$ cat coords.cif   # mmCIF, C-alpha atoms
data_input
loop_
_atom_site.label_atom_id
_atom_site.label_comp_id
_atom_site.auth_asym_id
_atom_site.auth_seq_id
_atom_site.Cartn_x
_atom_site.Cartn_y
_atom_site.Cartn_z
CA MET A 1 92.67 144.90 -12.27
CA THR A 2 94.61 147.32 -10.10
CA GLN A 3 95.87 146.08 -6.75
CA LEU A 4 96.19 149.53 -5.17
CA PHE A 5 93.97 150.02 -2.14
CA ALA A 6 93.78 152.87 0.34
CA GLY A 7 93.14 152.30 4.03
CA LEU A 8 91.87 154.83 6.55
CA MET A 9 92.05 154.53 10.31
CA SER A 10 90.66 156.82 12.98
CA GLY A 11 90.49 154.87 16.20
CA THR A 12 89.38 155.26 19.78
CA SER A 13 92.36 157.50 20.53
CA LEU A 14 90.49 160.21 18.58
CA ASP A 15 93.79 161.82 17.63
CA GLY A 16 93.11 161.97 13.90
CA VAL A 17 93.28 159.95 10.70
CA ASP A 18 96.02 157.76 9.26
CA ALA A 19 95.81 156.97 5.55
CA VAL A 20 97.96 154.55 3.58
CA LEU A 21 98.17 153.50 -0.05
CA VAL A 22 99.01 149.82 -0.34
CA ASP A 23 100.16 147.77 -3.33
CA PHE A 24 98.94 144.17 -3.03
CA SER A 25 100.36 143.03 -6.36
CA ALA A 26 103.27 141.31 -4.61
CA SER A 27 103.76 139.52 -1.32
CA PRO A 28 104.26 140.94 1.20
CA ALA A 29 102.10 143.94 0.45
CA ARG A 30 103.98 147.22 0.10
CA VAL A 31 102.91 150.56 1.59
CA LEU A 32 103.54 153.24 -1.04
CA GLY A 33 102.66 156.22 1.12
CA HIS A 34 101.33 157.33 4.50
CA VAL A 35 99.64 160.59 5.46
CA ALA A 36 98.31 161.53 8.89
CA ALA A 37 96.09 164.45 9.84
CA PRO A 38 94.76 165.53 13.22
CA PHE A 39 91.05 166.11 13.82
CA PRO A 40 89.89 169.69 14.15
CA ASP A 41 89.33 170.20 17.86
CA ALA A 42 85.59 170.83 17.48
CA LEU A 43 85.15 167.54 15.61
CA ARG A 44 87.23 165.64 18.14
CA GLN A 45 85.16 167.00 21.01
CA GLU A 46 81.89 166.16 19.25
CA LEU A 47 83.03 162.60 18.49
CA LEU A 48 84.00 162.20 22.12
CA ARG A 49 80.62 163.52 23.32
CA LEU A 50 78.79 161.15 20.98
CA ASN A 51 80.31 158.19 22.82
CA THR A 52 77.76 158.85 25.56
CA ALA A 53 74.04 159.66 25.56
CA GLY A 54 73.11 163.26 24.88
CA ASP A 55 70.55 165.58 23.32
CA ASN A 56 69.62 165.34 19.64
CA GLU A 57 72.10 162.54 19.01
CA LEU A 58 70.78 161.44 15.61
CA HIS A 59 71.13 164.91 14.11
CA ARG A 60 74.53 165.54 15.70
CA ALA A 61 75.84 162.12 14.69
CA ALA A 62 74.80 162.64 11.06
CA LEU A 63 76.58 165.99 10.87
CA ALA A 64 79.65 164.60 12.64
CA GLY A 65 79.72 161.78 10.10
CA ASN A 66 79.71 164.34 7.29
CA ALA A 67 82.51 166.33 8.92
CA LEU A 68 84.56 163.19 9.54
CA THR A 69 84.13 162.13 5.93
CA ARG A 70 85.37 165.48 4.66
CA VAL A 71 88.52 164.98 6.72
CA TYR A 72 88.85 161.50 5.21
CA ALA A 73 88.47 162.88 1.68
CA SER A 74 91.07 165.58 2.32
CA VAL A 75 93.56 163.04 3.65
CA VAL A 76 92.96 160.71 0.69
CA GLY A 77 93.62 163.63 -1.65
CA GLN A 78 96.88 164.43 0.14
CA LEU A 79 97.88 160.76 0.03
CA LEU A 80 97.31 160.39 -3.71
CA GLN A 81 99.12 163.63 -4.40
CA ALA A 82 102.10 162.51 -2.32
CA CYS A 83 102.20 159.17 -4.14
CA GLN A 84 101.49 160.78 -7.56
CA VAL A 85 98.65 158.34 -8.13
CA ALA A 86 95.37 159.20 -9.86
CA PRO A 87 92.06 158.26 -8.19
CA ALA A 88 91.25 155.96 -11.12
CA ALA A 89 94.28 153.83 -10.26
CA VAL A 90 92.91 152.97 -6.80
CA ARG A 91 90.56 150.01 -6.65
CA ALA A 92 88.87 150.98 -3.36
CA ILE A 93 89.22 152.79 -0.06
CA GLY A 94 88.71 150.89 3.20
CA ALA A 95 87.04 153.37 5.55
CA HIS A 96 86.11 151.99 8.97
CA GLY A 97 84.57 155.16 10.40
CA GLN A 98 84.51 156.23 14.04
CA THR A 99 83.05 153.85 16.61
CA VAL A 100 80.73 155.61 19.05
CA ARG A 101 78.80 152.61 20.42
CA HIS A 102 79.84 148.98 20.66
CA GLN A 103 77.31 146.64 22.27
CA PRO A 104 77.64 143.20 20.60
CA LEU A 105 75.37 140.41 21.89
CA LEU A 106 73.74 142.78 24.39
CA CYS A 107 70.22 144.15 24.85
CA ASP A 108 68.35 141.76 22.53
CA GLY A 109 70.85 138.92 22.09
CA THR A 110 72.28 140.33 18.84
CA GLY A 111 73.34 143.76 19.98
CA TYR A 112 74.80 146.36 17.70
CA THR A 113 77.86 148.38 16.80
CA ILE A 114 77.78 151.94 15.43
CA GLN A 115 80.51 153.64 13.41
CA LEU A 116 79.97 157.21 12.28
CA ASN A 117 80.80 157.41 8.60
CA GLN A 118 79.35 158.60 5.32
CA PRO A 119 80.88 156.23 2.76
CA ALA A 120 78.57 157.38 -0.02
CA LEU A 121 79.80 160.93 0.51
CA LEU A 122 83.41 159.72 0.55
CA ALA A 123 82.89 157.95 -2.78
CA GLU A 124 81.32 161.13 -4.16
CA LEU A 125 84.16 163.36 -2.96
CA THR A 126 87.05 161.10 -4.03
CA GLY A 127 85.71 159.39 -7.14
CA ILE A 128 86.88 156.05 -5.69
CA ASP A 129 84.84 153.01 -4.59
CA VAL A 130 84.55 152.82 -0.82
CA VAL A 131 84.23 149.76 1.41
CA ALA A 132 82.81 150.45 4.88
CA ASP A 133 80.69 148.89 7.65
CA PHE A 134 83.14 146.11 8.48
CA ARG A 135 81.78 145.09 11.90
CA SER A 136 78.03 144.57 11.48
CA ARG A 137 78.14 141.34 9.42
CA ASP A 138 80.10 139.58 12.15
CA VAL A 139 77.74 140.90 14.84
CA ALA A 140 74.78 139.62 12.80
CA ALA A 141 76.46 136.19 12.80
CA GLY A 142 76.62 136.18 16.59
CA GLY A 143 80.13 137.59 16.92
CA GLN A 144 81.78 140.46 18.74
CA GLY A 145 82.49 142.34 15.51
CA ALA A 146 85.92 143.07 16.99
CA PRO A 147 88.79 143.08 16.93
CA LEU A 148 88.95 143.26 13.13
CA VAL A 149 92.71 143.15 12.68
CA PRO A 150 93.80 139.60 13.71
CA PRO A 151 93.17 138.08 10.24
CA PHE A 152 95.37 140.79 8.75
CA HIS A 153 97.99 140.21 11.43
CA GLN A 154 97.97 136.56 10.41
CA ALA A 155 98.32 137.49 6.71
CA PHE A 156 101.23 139.87 7.32
CA PHE A 157 103.09 138.45 10.32
CA GLY A 158 101.97 134.82 10.18
CA GLY A 159 105.13 133.60 8.44
CA LEU A 160 107.29 134.10 11.52
CA PRO A 161 108.55 130.91 13.20
CA GLY A 162 107.28 129.80 16.60
CA THR A 163 104.65 131.67 18.59
CA ASN A 164 104.38 135.44 18.34
CA CYS A 165 101.87 138.00 19.54
CA VAL A 166 100.84 141.19 17.78
CA LEU A 167 99.73 143.82 20.28
CA ASN A 168 97.92 146.87 18.97
CA ILE A 169 97.82 149.70 21.51
CA GLY A 170 95.49 152.40 20.27
CA GLY A 171 92.77 153.91 22.44
CA ILE A 172 91.88 150.31 23.29
CA SER A 173 94.46 147.51 23.19
CA ASN A 174 93.98 144.22 21.38
CA ILE A 175 96.17 141.18 20.93
CA THR A 176 96.59 138.48 18.28
CA VAL A 177 98.33 135.18 19.06
CA LEU A 178 99.99 133.53 16.06
CA ASP A 179 101.39 130.00 16.35
CA ALA A 180 103.29 128.77 13.29
CA ASP A 181 102.41 125.19 14.24
CA LYS A 182 98.69 126.00 14.48
CA PRO A 183 97.85 128.33 11.58
CA ASP A 184 94.13 127.64 12.02
CA GLY A 185 94.20 128.43 15.73
CA VAL A 186 94.56 132.21 15.68
CA ILE A 187 93.42 133.86 18.92
CA GLY A 188 92.56 137.53 19.13
CA PHE A 189 90.63 139.76 21.51
CA ASP A 190 90.59 143.15 23.21
CA CYS A 191 92.82 143.40 26.29
CA GLY A 192 91.33 146.59 27.76
CA PRO A 193 92.31 150.25 27.71
CA GLY A 194 95.29 151.27 25.65
CA ASN A 195 95.98 154.99 25.39
CA ALA A 196 92.44 156.31 25.93
CA LEU A 197 92.57 156.77 29.70
CA MET A 198 96.21 157.88 29.72
CA ASP A 199 95.56 160.50 27.04
CA ALA A 200 92.43 161.85 28.73
CA TRP A 201 94.18 162.18 32.10
CA CYS A 202 97.26 163.78 30.55
CA LEU A 203 95.16 166.32 28.64
CA GLU A 204 93.17 167.23 31.75
CA HIS A 205 96.19 167.75 33.99
CA THR A 206 98.97 168.94 31.67
CA GLY A 207 97.19 170.34 28.62
CA ALA A 208 99.15 167.95 26.37
CA ALA A 209 97.16 165.58 24.15
CA TYR A 210 99.31 162.63 25.21
CA ASP A 211 102.20 161.71 27.48
CA ASP A 212 105.19 162.09 25.16
CA ARG A 213 107.24 158.86 25.32
CA GLY A 214 105.58 158.19 28.70
CA ASN A 215 107.96 160.58 30.42
CA TRP A 216 105.34 162.03 32.78
CA ALA A 217 104.23 158.56 33.88
CA ALA A 218 107.82 157.42 34.26
CA GLY A 219 108.40 160.17 36.83
CA GLY A 220 105.41 159.10 38.93
CA THR A 221 104.82 156.27 41.37
CA VAL A 222 102.38 153.45 40.66
CA GLN A 223 99.67 153.32 43.33
CA GLU A 224 99.17 149.61 43.86
CA ASP A 225 95.86 149.95 45.73
CA LEU A 226 94.41 152.05 42.93
CA LEU A 227 95.84 149.75 40.29
CA GLN A 228 94.21 146.74 41.94
CA ARG A 229 90.85 148.53 42.00
CA LEU A 230 91.21 149.21 38.27
CA LEU A 231 92.20 145.62 37.56
CA ASP A 232 89.20 144.33 39.50
CA GLU A 233 87.02 145.42 36.56
CA THR A 234 85.04 142.36 35.40
CA PHE A 235 86.12 142.75 31.76
CA PHE A 236 89.73 141.81 32.55
CA HIS A 237 88.64 138.46 33.96
CA ARG A 238 86.24 137.44 31.20
CA PRO A 239 87.50 134.79 28.77
CA PRO A 240 87.68 135.61 25.06
CA PRO A 241 86.08 136.20 22.67
CA LYS A 242 85.59 139.69 24.04
CA SER A 243 85.75 143.28 22.89
CA THR A 244 85.36 146.66 24.52
CA GLY A 245 85.62 150.39 23.93
CA ARG A 246 84.79 153.78 25.36
CA ASP A 247 81.40 152.39 26.33
CA LEU A 248 83.24 150.98 29.36
CA PHE A 249 86.71 152.49 29.65
CA ASN A 250 85.94 156.19 29.75
CA THR A 251 86.42 159.20 32.01
CA PRO A 252 83.30 158.53 34.17
CA TRP A 253 84.57 154.96 34.74
CA LEU A 254 87.93 156.32 35.86
CA GLN A 255 86.37 158.97 38.09
CA ALA A 256 84.28 156.32 39.82
CA LYS A 257 87.38 154.21 40.43
CA LEU A 258 89.22 157.24 41.84
CA GLN A 259 86.69 157.70 44.63
CA GLY A 260 88.66 157.60 47.87
CA PHE A 261 91.97 158.39 46.15
CA ALA A 262 91.67 162.18 46.14
CA ALA A 263 95.10 162.59 47.74
CA VAL A 264 96.91 160.77 44.93
CA LEU A 265 99.04 163.10 42.82
CA PRO A 266 97.97 163.46 39.15
CA GLN A 267 101.39 162.23 38.00
CA ASP A 268 101.01 159.11 40.12
CA VAL A 269 97.58 158.47 38.56
CA GLN A 270 99.24 158.71 35.14
CA ALA A 271 101.89 156.22 36.23
CA THR A 272 99.12 153.90 37.45
CA LEU A 273 97.10 154.19 34.24
CA THR A 274 100.18 153.36 32.19
CA GLU A 275 100.82 150.38 34.43
CA LEU A 276 97.19 149.31 33.97
CA THR A 277 97.73 149.08 30.22
CA ALA A 278 101.09 147.35 30.61
CA ARG A 279 99.88 144.75 33.12
CA SER A 280 96.59 143.98 31.42
CA CYS A 281 98.39 143.42 28.10
CA ALA A 282 101.23 141.43 29.66
CA ASP A 283 98.70 139.27 31.50
CA CYS A 284 97.09 138.36 28.17
CA VAL A 285 100.47 137.24 26.83
CA ARG A 286 101.19 135.14 29.93
CA ARG A 287 97.74 133.52 29.93
CA PHE A 288 97.21 132.86 26.24
CA ALA A 289 100.73 132.70 24.77
CA PRO A 290 103.06 131.59 27.58
CA SER A 291 105.63 130.28 25.11
CA ALA A 292 105.61 133.39 22.88
CA GLN A 293 109.05 134.40 21.71
CA GLY A 294 108.06 137.77 20.26
CA LEU A 295 105.63 140.56 21.10
CA ILE A 296 105.17 142.86 18.09
CA VAL A 297 103.69 146.18 19.19
CA CYS A 298 101.87 148.61 16.90
CA GLY A 299 99.65 151.64 17.32
CA GLY A 300 100.49 154.82 19.18
CA GLY A 301 101.45 152.85 22.28
CA ALA A 302 104.56 151.62 20.47
CA LEU A 303 105.90 155.20 20.70
CA ASN A 304 105.51 155.23 24.49
CA THR A 305 109.05 154.34 25.59
CA HIS A 306 108.07 153.87 29.24
CA LEU A 307 105.18 151.57 28.34
CA MET A 308 107.38 149.50 26.01
CA ARG A 309 109.99 149.20 28.76
CA ARG A 310 107.38 148.00 31.24
CA LEU A 311 106.03 145.44 28.78
CA GLN A 312 109.52 144.00 28.35
CA GLN A 313 110.00 143.83 32.11
CA LEU A 314 106.65 142.09 32.57
CA VAL A 315 107.28 139.45 29.86
CA PRO A 316 111.08 139.05 30.16
CA ASP A 317 111.25 135.87 28.06
CA CYS A 318 109.49 137.52 25.12
CA ALA A 319 111.28 139.97 22.81
CA VAL A 320 109.20 143.16 22.75
CA SER A 321 109.66 145.32 19.66
CA ALA A 322 107.72 147.76 17.50
CA SER A 323 106.29 146.44 14.24
CA ASP A 324 108.76 148.67 12.36
CA ARG A 325 111.31 145.90 12.85
CA PHE A 326 109.16 143.63 10.69
CA GLY A 327 108.69 146.05 7.80
CA LEU A 328 105.50 147.84 8.77
CA PRO A 329 105.76 151.01 10.91
CA ALA A 330 103.65 151.01 14.06
CA LEU A 331 101.44 153.89 12.92
CA GLN A 332 100.67 152.24 9.58
CA VAL A 333 99.53 148.79 10.70
CA GLU A 334 95.83 149.45 11.31
CA ALA A 335 95.32 151.63 8.24
CA THR A 336 97.03 148.91 6.18
CA ALA A 337 94.66 146.39 7.76
CA PHE A 338 91.68 148.36 6.45
CA ALA A 339 93.17 148.47 2.97
CA TRP A 340 93.48 144.66 3.27
CA LEU A 341 89.91 144.35 4.53
CA ALA A 342 88.68 146.40 1.58
CA ARG A 343 90.55 144.10 -0.78
CA GLN A 344 89.05 141.02 0.87
CA CYS A 345 85.57 142.46 0.37
CA VAL A 346 86.16 143.41 -3.26
CA GLU A 347 87.46 139.90 -3.97
CA ARG A 348 84.57 138.31 -2.03
CA LYS A 349 86.89 136.64 0.47
CA THR A 350 86.18 136.13 4.13
CA ALA A 351 87.96 138.42 6.55
CA SER A 352 86.83 137.26 9.98
CA LEU A 353 87.75 134.33 12.18
CA LYS A 354 85.33 132.39 14.39
CA SER A 355 88.16 131.80 16.84
CA VAL A 356 88.52 135.57 17.30
CA THR A 357 85.00 136.99 17.39
CA GLY A 358 82.95 133.93 18.37
CA ALA A 359 80.67 134.28 15.34
CA ARG A 360 79.03 131.24 13.79
CA GLY A 361 81.68 131.22 11.07
CA ALA A 362 83.94 133.31 8.86
CA ARG A 363 82.17 136.04 6.92
CA ILE A 364 82.85 138.50 4.10
CA LEU A 365 83.01 141.85 5.85
CA GLY A 366 82.10 145.28 4.53
CA ALA A 367 79.67 146.96 2.16
CA MET A 368 80.61 148.54 -1.16
CA TYR A 369 79.74 152.11 -2.16
CA PRO A 370 80.64 152.54 -5.85
CA ALA A 371 82.05 155.88 -7.00
#

$ encode --input "coords.cif" --output "structure tokens"
Amino acid sequence: MTQLFAGLMSGTSLDGVDAVLVDFSASPARVLGHVAAPFPDALRQELLRLNTAGDNELHRAALAGNALTRVYASVVGQLLQACQVAPAAVRAIGAHGQTVRHQPLLCDGTGYTIQLNQPALLAELTGIDVVADFRSRDVAAGGQGAPLVPPFHQAFFGGLPGTNCVLNIGGISNITVLDADKPDGVIGFDCGPGNALMDAWCLEHTGAAYDDRGNWAAGGTVQEDLLQRLLDETFFHRPPPKSTGRDLFNTPWLQAKLQGFAAVLPQDVQATLTELTARSCADCVRRFAPSAQGLIVCGGGALNTHLMRRLQQLVPDCAVSASDRFGLPALQVEATAFAWLARQCVERKTASLKSVTGARGARILGAMYPA
């Protein structure tokens, strides 16, 4: 049976879709191709609006799921064309969808997590089996349903000697702690905001979708009083397992925190938001992996030169580097993880860790939609 799997990732950054084609026939797995596509602005704005309560949400969410899926199908088509691979050669597509609500363990004790997606439509449009709905099984088992990537981090980066951390900085940041001497003791959890607040502030005040290489933030001055107010958020002080998203770290949250800081320059707020991400991530390394020798950074945050510099300054005894150094480019890691998750589901293998999500045990994640 073919060992080619496609993985799709559109995360909380809402910047678009990354798609990879991965060959799992050898170890380590090999990425054969990568295609990225931005969201149409109207779709991006609708996905952002659906993160909060609004009118006629069910109808709007269904249509947004259809539109998102058509973007997915287009990107998969581009990917297969670039790799010169026929749809029949691909065993399955791992399609996570777009998270718009994440409330594990809340409300009724079980909680819920919602990802907009239309996997049946994706299977229809591509002619390829689709694996989706990766979070809900873990939530049903009493877990956070997130982060999903630590088991993949262990599979790909777990052979490194000593203790290493994998830090994914997308819209939200999450960390995985890998100890070669304790392969069954993987730790992973969400750290807090990654790029989401920085990107939103940058767009509002400069018109740019993100702070290129962190240059705008680097020219500002961190406001320590504001930073401390941001860091006082309860989430940062909760022990893992824990996960978060735009349900908490969003523009209204930031505006509430900015009350009383009207005189602060927008560039200084950007500097402070970047420092918030750097310090909250570095604090996780210091608290949960004090002997770590390497911090492997992936996601869009790895392209933020200023943020990477600050991380290295905050954890000086730990070598901070992008995942590219270890054979998997920073913008391909999460999409590759969803190809891996799809493969785990197809092969009926567990893909979650109790030590990460707090669930009652490891579970097979995902639901299959045959082409």

$ residues_around --input "coords.cif" --residues "A:Gly219" --least-positions-apart "5" --cutoff "9 Å" --atoms "all atoms listed in the file" --output "ChimeraX atom specification"
/A:214,267-268,271

$ closest_residue --input "coords.cif" --among "A:Asn66, A:Gln293, A:Thr2, A:Ser243" --to "A:Ala26" --atoms "only C-alpha atoms"
A:Thr2

$ closest_atom_pairs --input "coords.cif" --of "stretch 297-360 of chain A" --to "stretch 30-50 of chain A" --cutoff "12 Å" --atoms "all atoms listed in the file" --output "CSV"
residue,atom,partner,partner_atom,distance
A:Gly327,CA,A:Arg30,CA,9.1
A:Leu328,CA,A:Val31,CA,8.1
A:Pro329,CA,A:Val31,CA,9.8
A:Ala330,CA,A:His34,CA,11.7
A:Leu331,CA,A:His34,CA,9.1
A:Gln332,CA,A:His34,CA,7.2
A:Val333,CA,A:Val31,CA,9.9
A:Glu334,CA,A:His34,CA,11.8
A:Ala335,CA,A:His34,CA,9.1
A:Thr336,CA,A:Val31,CA,7.6
A:Ala337,CA,A:Val31,CA,11.1
A:Ala339,CA,A:Val31,CA,10.1
A:Trp340,CA,A:Val31,CA,11.2

$ residues_around --input "coords.cif" --residues "A:Ile364" --least-positions-apart "4" --cutoff "8 Å" --atoms "only C-alpha atoms" --output "VMD selection string"
chain A and resid 137 344 to 345 348 to 352

$ residues_around --input "coords.cif" --residues "stretch 69-86 of chain A" --least-positions-apart "2" --cutoff "10 Å" --atoms "all atoms listed in the file" --output "JSON, numbers by chain"
{"A": [4, 6, 7, 8, 9, 10, 16, 17, 18, 19, 20, 21, 32, 33, 34, 35, 36, 37, 38, 39, 40, 43, 63, 64, 65, 66, 67, 88, 89, 90, 93, 95, 97, 116, 117, 118, 119, 120, 121, 122, 123, 124, 125, 126, 127, 128]}

$ residues_around --input "coords.cif" --residues "stretch 304-315 of chain A" --least-positions-apart "5" --cutoff "9 Å" --atoms "all atoms listed in the file" --output "ChimeraX atom specification"
/A:211-215,217-218,274-275,277-279,281-283,285-286,295,297,320-322

$ resolve_selection --input "coords.cif" --expression "the PyMOL selection byres ((chain A and resi 171) around 9)" --output "PyMOL selection string"
chain A and resi 11-14+169-170+172-173+193-199+245-246+299-301

$ atom_distance --input "coords.cif" --atom1 "atom CA of A:Val356" --atom2 "atom CA of A:Ile114"
19.7 Å

$ atom_distance --input "coords.cif" --atom1 "atom CA of A:Ala62" --atom2 "atom CA of A:Ala132"
15.8 Å

$ decode --input "coords.cif" --residues "stretch 314-339 of chain A" --atoms "C-alpha atoms" --output "compact mmCIF listing (two decimals), in the first residue's frame"
# COMPACT_ATOMS: atom_id res chain seq x y z
CA LEU A 314 16.34 34.58 27.41
CA VAL A 315 17.61 30.96 27.37
CA PRO A 316 21.37 31.55 26.86
CA ASP A 317 22.39 27.98 27.73
CA CYS A 318 20.08 26.50 25.11
CA ALA A 319 20.92 26.56 21.39
CA VAL A 320 17.97 28.20 19.61
CA SER A 321 17.61 27.28 15.95
CA ALA A 322 14.91 26.86 13.31
CA SER A 323 13.79 23.32 12.52
CA ASP A 324 15.37 23.70 9.05
CA ARG A 325 18.66 22.74 10.69
CA PHE A 326 17.20 19.32 11.47
CA GLY A 327 15.87 18.57 7.99
CA LEU A 328 12.34 19.92 8.17
CA PRO A 329 11.73 23.58 7.22
CA ALA A 330 9.88 25.64 9.82
CA LEU A 331 6.84 26.23 7.60
CA GLN A 332 6.46 22.52 6.81
CA VAL A 333 6.46 21.02 10.31
CA GLU A 334 2.78 21.30 11.19
CA ALA A 335 1.48 20.26 7.78
CA THR A 336 3.83 17.25 7.94
CA ALA A 337 2.42 16.49 11.39
CA PHE A 338 -1.08 16.25 9.91
CA ALA A 339 0.13 13.92 7.19
